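Structure file coords27.pdb (PDB, C-alpha atoms) is printed below.
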ATOM      1  CA  MET A 255      20.269  -9.792  17.776
ATOM      2  CA  ASN A 256      16.721 -10.036  16.543
ATOM      3  CA  PRO A 257      16.729 -12.522  13.588
ATOM      4  CA  THR A 258      13.705 -10.825  12.030
ATOM      5  CA  ARG A 259      15.121  -7.298  12.076
ATOM      6  CA  ILE A 260      16.662  -7.338   8.582
ATOM      7  CA  PRO A 261      13.596  -8.839   6.840
ATOM      8  CA  LEU A 262      11.340  -6.298   8.569
ATOM      9  CA  LEU A 263      13.625  -3.442   7.554
ATOM     10  CA  VAL A 264      13.576  -4.703   3.947
ATOM     11  CA  ILE A 265       9.758  -4.917   4.025
ATOM     12  CA  SER A 266       9.607  -1.377   5.413
ATOM     13  CA  ALA A 267      11.980  -0.058   2.738
ATOM     14  CA  PHE A 268       9.958  -1.824   0.027
ATOM     15  CA  SER A 269       6.713  -0.284   1.298
ATOM     16  CA  PHE A 270       8.213   3.207   1.358
ATOM     17  CA  THR A 271       9.608   2.607  -2.137
ATOM     18  CA  MET A 272       6.105   1.753  -3.359
ATOM     19  CA  LEU A 273       4.942   5.097  -1.949
ATOM     20  CA  ALA A 274       7.801   6.879  -3.705
ATOM     21  CA  VAL A 275       6.842   5.241  -7.010
ATOM     22  CA  ALA A 276       3.244   6.378  -6.484
ATOM     23  CA  LEU A 277       4.463   9.949  -5.997
ATOM     24  CA  ILE A 278       6.590   9.772  -9.140
ATOM     25  CA  LEU A 279       3.623   8.473 -11.138
ATOM     26  CA  GLN A 280       1.448  11.265  -9.777
ATOM     27  CA  HIS A 281       3.772  14.252  -9.925
ATOM     28  CA  VAL A 282       6.070  13.372 -12.835
ATOM     29  CA  LEU A 283       3.768  11.353 -15.113
ATOM     30  CA  ASN A 284       0.579  13.218 -14.075
ATOM     31  CA  MET A 285      -1.359  10.070 -13.158
ATOM     32  CA  LEU A 286      -3.950  11.256 -10.635
ATOM     33  CA  PRO A 287      -4.699   8.820  -7.789
ATOM     34  CA  CYS A 288      -8.216   7.467  -7.458
ATOM     35  CA  PRO A 289      -9.816   6.629  -4.084
ATOM     36  CA  LEU A 290      -8.651   3.010  -4.268
ATOM     37  CA  CYS A 291      -5.102   4.181  -5.051
ATOM     38  CA  VAL A 292      -5.161   6.474  -2.019
ATOM     39  CA  ILE A 293      -6.331   3.638   0.243
ATOM     40  CA  GLN A 294      -3.436   1.538  -1.068
ATOM     41  CA  ARG A 295      -1.056   4.394  -0.257
ATOM     42  CA  TYR A 296      -2.342   4.500   3.314
ATOM     43  CA  LEU A 297      -1.842   0.744   3.583
ATOM     44  CA  PHE A 298       1.721   0.821   2.201
ATOM     45  CA  LEU A 299       2.526   3.644   4.618
ATOM     46  CA  ALA A 300       1.031   1.698   7.529
ATOM     47  CA  ILE A 301       2.907  -1.476   6.583
ATOM     48  CA  GLY A 302       6.163   0.462   6.254
ATOM     49  CA  ILE A 303       5.788   2.109   9.654
ATOM     50  CA  VAL A 304       4.621  -1.068  11.396
ATOM     51  CA  ALA A 305       7.478  -3.124   9.926
ATOM     52  CA  LEU A 306       9.988  -0.450  10.912
ATOM     53  CA  VAL A 307       8.713  -0.370  14.501
ATOM     54  CA  GLY A 308       8.516  -4.173  14.550
ATOM     55  CA  ALA A 309      12.174  -4.411  13.638
ATOM     56  CA  TYR A 310      13.022  -2.890  17.022
ATOM     57  CA  ARG A 311      10.027  -3.624  19.292
ATOM     58  CA  LYS A 312       7.653  -6.567  19.745
ATOM     59  CA  PRO A 313       8.315  -8.134  16.330
ATOM     60  CA  VAL A 314       5.501 -10.691  16.512
ATOM     61  CA  PHE A 315       2.813  -8.122  17.342
ATOM     62  CA  TYR A 316       3.903  -5.598  14.726
ATOM     63  CA  THR A 317       4.504  -8.266  12.087
ATOM     64  CA  GLY A 318       0.947  -9.473  12.694
ATOM     65  CA  LEU A 319      -0.357  -5.920  12.247
ATOM     66  CA  GLY A 320       1.656  -5.610   9.037
ATOM     67  CA  LEU A 321       0.232  -8.896   7.819
ATOM     68  CA  LEU A 322      -3.299  -7.566   8.376
ATOM     69  CA  GLY A 323      -2.337  -4.467   6.388
ATOM     70  CA  GLY A 324      -0.981  -6.643   3.590
ATOM     71  CA  LEU A 325      -4.205  -8.632   3.445
ATOM     72  CA  ALA A 326      -6.230  -5.413   3.385
ATOM     73  CA  GLY A 327      -3.987  -4.185   0.566
ATOM     74  CA  LEU A 328      -4.588  -7.377  -1.402
ATOM     75  CA  GLY A 329      -8.321  -6.847  -0.995
ATOM     76  CA  THR A 330      -8.152  -3.196  -2.058
ATOM     77  CA  ALA A 331      -5.895  -3.880  -5.038
ATOM     78  CA  GLY A 332      -8.125  -6.835  -5.961
ATOM     79  CA  LYS A 333     -11.173  -4.537  -5.914
ATOM     80  CA  HIS A 334      -9.248  -2.103  -8.130
ATOM     81  CA  LEU A 335      -8.471  -4.888 -10.595
ATOM     82  CA  TYR A 336     -12.138  -5.923 -10.524
ATOM     83  CA  VAL A 337     -13.175  -2.354 -11.422
ATOM     84  CA  LEU A 338     -10.687  -2.377 -14.315
ATOM     85  CA  ALA A 339     -11.929  -5.759 -15.546
ATOM     86  CA  HIS A 340     -15.547  -4.586 -15.574
ATOM     87  CA  PRO A 341     -15.651  -1.337 -17.579
ATOM     88  CA  GLY A 342     -19.219  -0.493 -16.542
ATOM     89  CA  LEU A 343     -18.108  -0.077 -12.933
ATOM     90  CA  SER A 344     -16.482   3.014 -11.571
ATOM     91  CA  CYS A 345     -15.339   4.191  -8.198
ATOM     92  CA  GLY A 346     -15.547   7.715  -9.647
ATOM     93  CA  ILE A 347     -16.647  10.659  -7.567
ATOM     94  CA  ASP A 348     -18.478   8.981  -4.771
ATOM     95  CA  PRO A 349     -18.787   9.243  -0.993
ATOM     96  CA  MET A 350     -15.534   7.306  -0.541
ATOM     97  CA  GLU A 351     -13.588  10.032  -2.343
ATOM     98  CA  THR A 352     -15.244  12.756  -0.293
ATOM     99  CA  ILE A 353     -14.473  10.960   2.967
ATOM    100  CA  LEU A 354     -10.858  10.281   1.961
ATOM    101  CA  ASN A 355     -10.297  13.902   0.960
ATOM    102  CA  LYS A 356     -11.601  15.152   4.321
ATOM    103  CA  LEU A 357      -9.219  13.030   6.401
ATOM    104  CA  PRO A 358      -6.475  15.023   8.148
ATOM    105  CA  ALA A 359      -3.758  13.301   6.112
ATOM    106  CA  ALA A 360      -5.385  14.465   2.853
ATOM    107  CA  THR A 361      -5.817  17.958   4.270
ATOM    108  CA  TYR A 362      -2.219  18.323   5.439
ATOM    109  CA  LEU A 363      -0.510  16.139   2.804
ATOM    110  CA  PRO A 364      -2.655  16.567  -0.334
ATOM    111  CA  PHE A 365       0.316  15.789  -2.603
ATOM    112  CA  LEU A 366       0.238  12.245  -1.187
ATOM    113  CA  PHE A 367      -3.312  11.463  -0.057
ATOM    114  CA  LYS A 368      -5.785  13.546  -2.116
ATOM    115  CA  ALA A 369      -7.952  11.416  -4.401
ATOM    116  CA  ASP A 370      -8.494  13.082  -7.791
ATOM    117  CA  GLY A 371      -8.511  10.376 -10.444
ATOM    118  CA  LEU A 372     -10.869   7.689 -11.640
ATOM    119  CA  CYS A 373     -10.166   4.023 -10.916
ATOM    120  CA  GLU A 374     -10.801   2.980 -14.495
ATOM    121  CA  ASP A 375      -8.071   5.347 -15.787
ATOM    122  CA  ALA A 376      -5.244   3.315 -14.203
ATOM    123  CA  THR A 377      -4.652   1.139 -17.253
ATOM    124  CA  ALA A 378      -1.397   2.656 -18.565
ATOM    125  CA  PRO A 379       0.958  -0.329 -18.624
ATOM    126  CA  PHE A 380       4.366  -0.200 -17.009
ATOM    127  CA  LEU A 381       6.584  -3.120 -18.027
ATOM    128  CA  GLY A 382       3.494  -4.959 -19.272
ATOM    129  CA  LEU A 383       1.318  -4.582 -16.175
ATOM    130  CA  SER A 384      -1.130  -1.897 -15.092
ATOM    131  CA  ILE A 385      -0.351   0.077 -11.951
ATOM    132  CA  PRO A 386      -3.026  -1.764  -9.898
ATOM    133  CA  GLN A 387      -1.500  -5.081 -10.989
ATOM    134  CA  TRP A 388       1.902  -3.915  -9.740
ATOM    135  CA  SER A 389       0.301  -2.802  -6.500
ATOM    136  CA  PHE A 390      -1.381  -6.194  -6.107
ATOM    137  CA  LEU A 391       1.971  -7.919  -6.645
ATOM    138  CA  GLY A 392       3.576  -5.555  -4.118
ATOM    139  CA  PHE A 393       0.973  -6.377  -1.495
ATOM    140  CA  ALA A 394       1.318 -10.088  -2.286
ATOM    141  CA  ALA A 395       5.102  -9.886  -1.810
ATOM    142  CA  VAL A 396       4.741  -7.982   1.466
ATOM    143  CA  THR A 397       2.082 -10.392   2.751
ATOM    144  CA  VAL A 398       4.158 -13.458   1.920
ATOM    145  CA  ALA A 399       7.280 -11.897   3.452
ATOM    146  CA  LEU A 400       5.463 -10.922   6.651
ATOM    147  CA  GLY A 401       3.953 -14.402   6.891
ATOM    148  CA  TRP A 402       7.426 -15.881   6.474
ATOM    149  CA  VAL A 403       8.770 -13.607   9.222
ATOM    150  CA  LEU A 404       5.979 -14.717  11.567
ATOM    151  CA  LEU A 405       6.627 -18.387  10.839
ATOM    152  CA  ARG A 406      10.376 -17.944  11.241
ATOM    153  CA  ARG A 407       9.878 -16.134  14.539
ATOM    154  CA  ARG A 408       7.477 -18.825  15.763
ATOM    155  CA  ASN A 409       9.876 -21.637  14.895
ATOM    156  CA  ALA A 410      12.899 -19.881  16.436
TER     157      ALA A 410
END
How does the structure come out when it is put into structure tokens?
Amino acid sequence: MNPTRIPLLVISAFSFTMLAVALILQHVLNMLPCPLCVIQRYLFLAIGIVALVGAYRKPVFYTGLGLLGGLAGLGTAGKHLYVLAHPGLSCGIDPMETILNKLPAATYLPFLFKADGLCEDATAPFLGLSIPQWSFLGFAAVTVALGWVLLRRRNA
């Protein structure tokens, strides 16, 4: 049996859970996603799919792809935190939002991938942290876990 299958399945489940939380925040608590939030959703979805596939096929390759997604997520969430820390900045309605909203995923799944909000509005705390801070921690956890899986696989 593949020794990395269970950790990859847990990483996949965690990533899909992060997407579910984003949907709850959007559709139950009416927190509209900004462009940076939507990019983070794409990255959590990609990590979840890649980890799920990696659990059953070519674990090293797919774990490496997931690790790249985790690093990209850290960068995106870090940019979001930077925007929040500097109130004069805004991602607002800009070309990035227009491009994101014209992607096929936003066209066919607008409830998940349509950017409507402003990045600086994501400050409502949840258990003491803002949503972008939780996202950053989620990407950090996924990145560390995927790195651990790669190291474990290499040393096996």
Residue members of the PyMOL selection byres ((chain A and resi 364) around 12) in the file shown, as a ChimeraX atom specification: /A:277,280-281,286-287,292,354-363,365-370
Explicit residues for the PyMOL selection byres ((chain A and resi 398-403) around 7) (as JSON, numbers by chain): {"A": [258, 317, 320, 321, 394, 395, 396, 397, 404, 405, 406, 407]}
For the file shown, what are the residues hit by the PyMOL selection byres ((chain A and resi 271) around 12), laid out as a short mmCIF file (atom, residue, chain, number, x, y, z; two decimals) with C-alpha atoms, in the frame of the given file?
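Resulting contents of part_19.cif:
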data_model
loop_
_atom_site.label_atom_id
_atom_site.label_comp_id
_atom_site.auth_asym_id
_atom_site.auth_seq_id
_atom_site.Cartn_x
_atom_site.Cartn_y
_atom_site.Cartn_z
CA VAL A 264 13.58 -4.70 3.95
CA ILE A 265 9.76 -4.92 4.03
CA SER A 266 9.61 -1.38 5.41
CA ALA A 267 11.98 -0.06 2.74
CA PHE A 268 9.96 -1.82 0.03
CA SER A 269 6.71 -0.28 1.30
CA PHE A 270 8.21 3.21 1.36
CA MET A 272 6.10 1.75 -3.36
CA LEU A 273 4.94 5.10 -1.95
CA ALA A 274 7.80 6.88 -3.70
CA VAL A 275 6.84 5.24 -7.01
CA ALA A 276 3.24 6.38 -6.48
CA LEU A 277 4.46 9.95 -6.00
CA ILE A 278 6.59 9.77 -9.14
CA ARG A 295 -1.06 4.39 -0.26
CA PHE A 298 1.72 0.82 2.20
CA LEU A 299 2.53 3.64 4.62
CA ILE A 301 2.91 -1.48 6.58
CA GLY A 302 6.16 0.46 6.25
CA SER A 389 0.30 -2.80 -6.50
CA GLY A 392 3.58 -5.56 -4.12
#
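Residue nearest Tyr310 (chain A) within the list A:Ile260, A:Met350, A:Leu391, A:Leu383: A:Ile260 [criterion: smallest interatomic distance, all atoms listed in the file].
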For CA of His340 (chain A) and CA of Cys288 (chain A), the interatomic separation in Å (one decimal): 16.3 Å
Determine the axis-aligned bounding box of all atoms of region 304-309 of chain A present in the file, pad each side by 6 Å, and express its centre and edge lengths in Å to one decimal place as JSON.
{"center_x": 8.4, "center_y": -2.4, "center_z": 12.2, "size_x": 19.6, "size_y": 16.0, "size_z": 16.6}
Nearest to Leu319 (chain A) by atom-to-atom distance, counting only C-alpha atoms, from A:Val337, A:Ala331, A:Ala300, A:Leu263: A:Ala300
Of the listed residues A:Pro386, A:Leu306, A:Val282, A:Arg259, that which approaches Gly329 (chain A) most closely, counting only C-alpha atoms: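 Of all the options, A:Pro386 lies closest to Gly329 (chain A).
Atom pair CA of Pro289 (chain A) / CA of Ala339 (chain A) has a distance of 17.0 Å (rounded to one decimal).
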Computed interatomic separation between CA of Leu325 (chain A) and CA of Phe393 (chain A) (Å):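 About the pair CA of Leu325 (chain A) and CA of Phe393 (chain A): they are 7.5 Å apart.
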Nearest to Phe380 (chain A), chosen from A:Ile303, A:Leu290, A:Leu279, A:Val314, with all atoms listed in the file counted in the distances: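 Closest candidate: A:Leu279.
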